[in-house]
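Text of upload_24.txt, listed as compact mmCIF, C-alpha atoms:
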```
# COMPACT_ATOMS: atom_id res chain seq x y z
CA MET A 1 31.60 -3.23 13.37
CA ALA A 2 33.65 -6.35 13.92
CA GLU A 3 33.33 -9.22 11.49
CA TYR A 4 33.29 -12.89 12.45
CA ALA A 5 33.47 -16.22 10.62
CA ILE A 6 31.60 -19.37 11.54
CA SER A 7 31.10 -22.82 10.04
CA ASN A 8 29.39 -26.06 10.98
CA LYS A 9 32.83 -27.69 11.16
CA MET A 10 33.58 -25.71 14.31
CA GLY A 11 31.53 -27.83 16.68
CA GLY A 12 29.23 -30.82 16.97
CA THR A 13 28.58 -33.51 14.40
CA GLN A 14 27.23 -32.66 10.99
CA GLN A 15 23.79 -34.20 10.72
CA ALA A 16 22.54 -36.40 7.89
CA LEU A 17 19.87 -34.67 5.83
CA ALA A 18 16.28 -35.86 5.73
CA SER A 19 13.06 -34.74 4.12
CA SER A 20 12.49 -32.10 6.80
CA PHE A 21 14.86 -29.19 7.34
CA LYS A 22 18.02 -29.70 9.39
CA THR A 23 19.68 -26.56 10.72
CA LEU A 24 23.35 -26.38 9.80
CA LEU A 25 24.19 -23.08 11.47
CA TYR A 26 22.29 -20.46 13.41
CA ILE A 27 23.13 -17.17 15.00
CA PHE A 28 21.02 -15.09 17.32
CA ALA A 29 20.99 -12.31 19.89
CA THR A 30 20.86 -13.45 23.49
CA SER A 31 19.37 -11.78 26.53
CA GLY A 32 22.00 -9.84 28.44
CA SER A 33 24.11 -9.15 25.37
CA LEU A 34 21.58 -7.88 22.89
CA LYS A 35 23.07 -6.57 19.69
CA ARG A 36 22.00 -6.49 16.08
CA GLY A 37 23.96 -8.59 13.67
CA LYS A 38 24.38 -8.68 9.92
CA LEU A 39 25.00 -11.76 7.82
CA GLY A 40 27.12 -10.65 4.88
CA GLU A 41 28.18 -13.87 3.23
CA PHE A 42 27.45 -17.58 3.25
CA ASN A 43 28.75 -20.68 1.49
CA ILE A 44 27.10 -24.08 1.33
CA GLY A 45 27.77 -27.41 -0.35
CA THR A 46 27.46 -31.12 0.27
CA ASN A 47 30.45 -33.06 1.53
CA SER A 48 29.60 -36.68 0.83
CA ALA A 49 30.37 -38.75 -2.31
CA PRO A 50 29.14 -36.88 -5.41
CA ALA A 51 25.86 -38.04 -6.95
CA ASP A 52 22.87 -36.51 -8.66
CA ASN A 53 20.30 -35.58 -6.04
CA PHE A 54 18.65 -32.32 -5.22
CA VAL A 55 19.10 -30.50 -1.95
CA GLU A 56 16.94 -27.59 -0.80
CA TYR A 57 18.55 -24.78 1.16
CA ASP A 58 16.99 -22.01 3.14
CA ILE A 59 17.83 -19.03 5.32
CA SER A 60 15.00 -18.05 7.63
CA ARG A 61 14.33 -16.16 10.82
CA MET A 62 14.22 -17.86 14.20
CA THR A 63 12.62 -16.89 17.49
CA ALA A 64 13.68 -19.61 19.96
CA ASP A 65 16.78 -21.68 20.54
CA GLY A 66 16.97 -25.39 19.73
CA THR A 67 19.54 -28.00 20.71
CA ALA A 68 22.88 -27.64 18.99
CA THR A 69 26.57 -27.26 19.69
CA SER A 70 27.74 -23.77 20.65
CA ILE A 71 30.59 -22.51 18.53
CA THR A 72 32.86 -19.53 19.07
CA PRO A 73 32.84 -17.12 16.12
CA ASN A 74 36.34 -16.33 14.89
CA PRO A 75 37.10 -12.61 14.51
CA VAL A 76 38.24 -11.89 10.96
CA ASP A 77 40.47 -9.20 12.43
CA SER A 78 42.30 -10.79 15.34
CA ALA A 79 42.42 -7.41 17.06
CA ASP A 80 38.65 -7.57 17.58
CA GLY A 81 37.17 -8.98 20.75
CA ALA A 82 34.84 -11.94 21.14
CA ALA A 83 31.42 -11.81 19.52
CA VAL A 84 28.41 -11.29 21.77
CA THR A 85 26.11 -12.99 19.25
CA THR A 86 25.44 -16.64 20.03
CA ALA A 87 26.36 -19.07 17.27
CA LYS A 88 25.45 -22.73 17.15
CA ALA A 89 26.00 -25.54 14.67
CA ASN A 90 24.55 -28.91 13.67
CA ALA A 91 21.22 -28.84 15.46
CA THR A 92 19.86 -32.09 16.85
CA ALA A 93 16.60 -30.38 17.86
CA GLU A 94 15.49 -27.61 15.55
CA PRO A 95 15.26 -24.00 16.72
CA THR A 96 11.86 -22.37 16.33
CA VAL A 97 11.76 -20.93 12.83
CA THR A 98 9.18 -18.38 11.73
CA SER A 99 7.17 -19.94 8.93
CA ASN A 100 7.54 -18.37 5.50
CA SER A 101 10.28 -16.09 6.76
CA ASP A 102 12.80 -17.32 4.21
CA LEU A 103 15.26 -14.67 3.15
CA TRP A 104 16.78 -17.03 0.64
CA TYR A 105 15.69 -20.40 -0.70
CA ASP A 106 17.12 -22.48 -3.50
CA ALA A 107 17.26 -26.08 -4.65
CA LEU A 108 20.58 -27.22 -6.02
CA ASN A 109 22.12 -30.37 -7.39
CA GLN A 110 24.05 -32.22 -4.72
CA ARG A 111 27.19 -31.62 -6.77
CA ALA A 112 26.78 -27.86 -6.61
CA SER A 113 28.10 -25.44 -4.04
CA TYR A 114 26.69 -21.95 -3.52
CA ARG A 115 28.22 -18.72 -2.36
CA TRP A 116 26.38 -15.48 -1.70
CA VAL A 117 27.94 -12.13 -0.87
CA ALA A 118 25.85 -9.14 0.18
CA ARG A 119 26.17 -5.72 -1.25
CA PRO A 120 27.77 -3.63 1.52
CA GLY A 121 24.95 -2.15 3.61
CA LYS A 122 22.45 -4.72 2.34
CA GLU A 123 23.25 -7.63 4.61
CA LEU A 124 20.65 -9.89 6.23
CA ILE A 125 19.97 -8.28 9.60
CA TRP A 126 18.54 -9.72 12.79
CA PRO A 127 17.15 -7.52 15.57
CA ALA A 128 18.61 -6.97 19.01
CA THR A 129 15.86 -8.98 20.72
CA ALA A 130 16.44 -12.18 22.65
CA ASN A 131 16.56 -15.41 20.66
CA ASN A 132 15.94 -13.67 17.35
CA GLY A 133 18.35 -14.53 14.60
CA LEU A 134 18.92 -16.42 11.37
CA VAL A 135 19.13 -20.12 10.56
CA ILE A 136 20.84 -21.77 7.61
CA ARG A 137 19.05 -25.04 6.88
CA ALA A 138 18.98 -27.84 4.33
CA LYS A 139 16.74 -30.76 3.47
CA SER A 140 16.52 -33.41 0.79
CA ALA A 141 14.14 -36.20 -0.05
CA SER A 142 16.89 -38.21 -1.75
CA TYR A 143 20.26 -37.14 -0.31
CA SER A 144 21.01 -38.42 3.19
CA GLY A 145 24.60 -37.23 3.53
CA THR A 146 25.88 -34.14 5.28
CA VAL A 147 26.24 -30.50 4.24
CA ALA A 148 29.00 -28.02 4.96
CA ALA A 149 28.06 -24.43 5.66
CA SER A 150 30.04 -21.36 6.55
CA ALA A 151 29.13 -17.72 6.96
CA SER A 152 30.49 -14.41 8.06
CA PHE A 153 28.60 -11.82 10.04
CA SER A 154 29.27 -8.49 11.64
CA GLU A 155 27.95 -7.00 14.86
CA MET B 1 19.19 -3.26 -13.69
CA ARG B 2 22.39 -1.42 -12.92
CA ASN B 3 24.47 -2.27 -9.87
CA PRO B 4 22.21 -4.56 -7.86
CA GLY B 5 25.25 -4.98 -5.67
CA GLY B 6 25.04 -8.52 -4.27
CA TYR B 7 26.68 -11.54 -5.82
CA ALA B 8 25.99 -15.27 -5.93
CA VAL B 9 27.95 -18.07 -7.54
CA VAL B 10 26.92 -21.70 -8.00
CA THR B 11 29.78 -24.07 -8.70
CA ASP B 12 28.51 -27.31 -10.23
CA GLY B 13 30.59 -30.30 -11.19
CA ASP B 14 31.43 -28.89 -14.61
CA SER B 15 30.10 -25.35 -14.67
CA VAL B 16 30.09 -22.10 -12.76
CA ARG B 17 26.97 -19.90 -12.76
CA GLU B 18 27.19 -16.38 -11.46
CA ALA B 19 24.36 -13.99 -10.72
CA ASP B 20 23.84 -10.53 -9.33
CA THR B 21 21.56 -10.25 -6.33
CA PHE B 22 19.94 -7.53 -4.28
CA THR B 23 18.45 -7.48 -0.80
CA CYS B 24 14.83 -6.32 -0.51
CA ALA B 25 14.61 -2.98 1.28
CA HIS B 26 11.27 -3.97 2.87
CA CYS B 27 11.74 -7.60 4.00
CA ASN B 28 15.51 -8.17 3.73
CA SER B 29 15.19 -11.23 1.45
CA ILE B 30 17.71 -12.07 -1.26
CA VAL B 31 16.58 -11.72 -4.87
CA ILE B 32 18.48 -13.17 -7.84
CA VAL B 33 18.77 -10.83 -10.81
CA LYS B 34 19.24 -12.27 -14.27
CA ALA B 35 21.37 -10.43 -16.77
CA GLY B 36 19.51 -7.55 -18.37
CA GLN B 37 16.48 -7.86 -16.13
CA LYS B 38 14.63 -4.69 -15.18
CA ALA B 39 13.80 -3.82 -11.58
CA GLU B 40 10.07 -4.19 -12.23
CA ASP B 41 10.60 -7.76 -13.42
CA VAL B 42 12.06 -8.87 -10.08
CA GLY B 43 9.84 -6.94 -7.70
CA GLY B 44 10.24 -3.26 -8.24
CA PHE B 45 11.77 -0.01 -7.15
CA CYS B 46 10.06 1.68 -4.21
CA ARG B 47 9.88 5.39 -4.83
CA MET B 48 9.09 6.07 -1.17
CA CYS B 49 12.35 4.69 0.21
CA MET B 50 14.12 4.78 -3.15
CA ASP B 51 15.36 1.22 -3.02
CA LEU B 52 14.83 -2.17 -4.66
CA ILE B 53 12.11 -4.47 -3.34
CA CYS B 54 11.22 -8.13 -3.97
CA PRO B 55 8.09 -9.55 -5.67
CA ARG B 56 6.50 -10.42 -2.30
CA CYS B 57 6.70 -6.77 -1.21
CA ALA B 58 5.90 -5.23 -4.57
CA ASP B 59 2.18 -4.68 -3.85
CA GLY B 60 2.58 -3.73 -0.21
CA PRO B 61 3.07 -0.42 1.59
CA CYS B 62 6.50 1.11 2.08
CA VAL B 63 7.79 -0.09 5.43
CA PRO B 64 11.59 -0.08 5.29
CA PHE B 65 13.18 -3.04 7.02
CA GLU B 66 14.99 -0.72 9.41
CA LYS B 67 11.59 0.50 10.68
CA LYS B 68 10.45 -3.10 11.20
CA LEU B 69 13.57 -3.82 13.24
CA GLU B 70 13.04 -0.73 15.36
CA ALA B 71 9.40 -1.70 15.98
CA GLN B 72 10.35 -5.25 16.92
CA GLU B 73 13.05 -4.05 19.30
CA ALA B 74 10.74 -1.45 20.85
CA ALA B 75 8.06 -4.09 21.42
CA TYR B 76 10.63 -6.39 23.00
CA HIS B 77 11.89 -3.72 25.37
CA ALA B 78 8.31 -2.73 26.26
CA ARG B 79 7.50 -6.35 27.14
CA ARG B 80 10.67 -6.57 29.22
CA SER B 81 9.75 -3.40 31.09
CA TYR B 82 6.38 -4.98 31.95
CA GLY B 83 8.19 -8.02 33.35
CA HIS B 84 7.42 -10.40 30.47
```

Transcribe the structure of this file into structure tokens.
Amino acid sequence: MAEYAISNKMGGTQQALASSFKTLLYIFATSGSLKRGKLGEFNIGTNSAPADNFVEYDISRMTADGTATSITPNPVDSADGAAVTTAKANATAEPTVTSNSDLWYDALNQRASYRWVARPGKELIWPATANNGLVIRAKSASYSGTVAASASFSE
Amino acid sequence: MRNPGGYAVVTDGDSVREADTFTCAHCNSIVIVKAGQKAEDVGGFCRMCMDLICPRCADGPCVPFEKKLEAQEAAYHARRSYGH
């Protein structure tokens, strides 16, 4: 399996957080190039002036595309070809997210950054069905700056 | 719990907090494991599929996540074959 890296710096404009979830990054299988994918690592953290606020983060499952900027996943091994999984960043209209499908949820101080690495073979998997994938989202009732997110996945 | 396998690190302004994690074998969610915690305190160990599961899946039947993926993909391909 080839591994790819993505971040929400790779396209579009990072969106200011609000009290409802904003999708930072999402990846999904698309009709015509259906393939399972595995999210093996992610990193998140705010990138505005430090202050004490809380930010809630979430990784959930999605079933329909939203409006966001397409980004091209970078192969970790440059000998690998282009990814067939669709990756998008900085949604301006949210993708359709399955309610209560969170695979990870945490609330962190704005000053904190978070990194998660999967045990090999225990990655977060999305099925090879059209428009099914994972979203990385954030929201805050008090922080209205932006959030940086990056991830690596294999397919 | 020995060797949960996953790893998370929170870097705050003046501290670093590390934690082991595992991925639920039934729903694929991430579970944080505190030091010294037993499997039954963070969900459980399914003796059907012999893997760790999260609290949400602890009282449910054994349906490994791989089986759920296969069912979802089969349903998708069936719908496609019907023209949907």

_What's the separation between atom CA of A:Thr23 and atom CA of B:Lys67, in Å to one decimal place?_
28.2 Å

*Any idea what's packed within 12 Å of A:Trp104, counting only C-alpha atoms, ignoring anything in its chain fewer than 4 positions away? Could you give it as a VMD selection string?*
(chain A and resid 42 56 to 61 100 114 to 116 124 134 to 138) or (chain B and resid 8 21 to 24 27 to 32 54)

*asked:* At a cut-off of 10 Å, which residues of chain B touch chain A? Count all atoms listed in the file and give the answer as number ranges by chain.
replied: B: 3-25, 27-32, 65-66, 68-77

*Would you mind reading off the distance between atom CA of B:Gln37 and atom CA of B:Ala58, one decimal, in Å?*
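If I compute the distance from atom CA of B:Gln37 to atom CA of B:Ala58, I get 15.9 Å.
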
*Computed interatomic separation between atom CA of A:Thr67 and atom CA of A:Asn131 (Å)*: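 Value for the atom CA of A:Thr67-atom CA of A:Asn131 distance: 12.9 Å.
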
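Closest approach to B:Val42 from the set B:Ala78, B:His84, B:His26, B:Met1 is made by B:Met1, with distances taken over only C-alpha atoms.
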
*Selection: 8 Å around stretch 85-91 of chain A, all atoms listed in the file, excl. self and same-chain fewer than 2 positions, as a PyMOL selection string*: chain A and resi 6-15+22-30+33-35+37+66-73+83+93-95+155

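When only C-alpha atoms are used to measure the gap to A:Ser48, the shortest distance among A:Ser152, A:Gly133, A:Ala18, A:Tyr143 belongs to A:Tyr143.
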
*Which residue gives the smallest distance to B:Leu52 among B:Arg2, B:Ala39, B:Arg80, B:Val33, with all atoms listed in the file counted?*
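Smallest separation from B:Leu52 among the options: B:Ala39.
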
Size and centre in Å, one decimal, axis-aligned box, all listed stretch 55-68 of chain B atoms plus 6 Å per side, as JSON:
```
{"center_x": 8.6, "center_y": -4.7, "center_z": 2.8, "size_x": 24.8, "size_y": 23.5, "size_z": 28.9}
```

Please list, as a compact mmCIF listing (two decimals) with C-alpha atoms, in the coordinates of the input, the residues that have an atom at most 8 Å away from (19.2, -33.0, 1.9) in the coordinates of this file, counting all atoms listed in the file.
```txt
# COMPACT_ATOMS: atom_id res chain seq x y z
CA ALA A 16 22.54 -36.40 7.89
CA LEU A 17 19.87 -34.67 5.83
CA ALA A 18 16.28 -35.86 5.73
CA SER A 19 13.06 -34.74 4.12
CA PHE A 21 14.86 -29.19 7.34
CA PHE A 54 18.65 -32.32 -5.22
CA VAL A 55 19.10 -30.50 -1.95
CA GLU A 56 16.94 -27.59 -0.80
CA ALA A 138 18.98 -27.84 4.33
CA LYS A 139 16.74 -30.76 3.47
CA SER A 140 16.52 -33.41 0.79
CA ALA A 141 14.14 -36.20 -0.05
CA SER A 142 16.89 -38.21 -1.75
CA TYR A 143 20.26 -37.14 -0.31
CA SER A 144 21.01 -38.42 3.19
CA GLY A 145 24.60 -37.23 3.53
CA THR A 146 25.88 -34.14 5.28
CA VAL A 147 26.24 -30.50 4.24
```
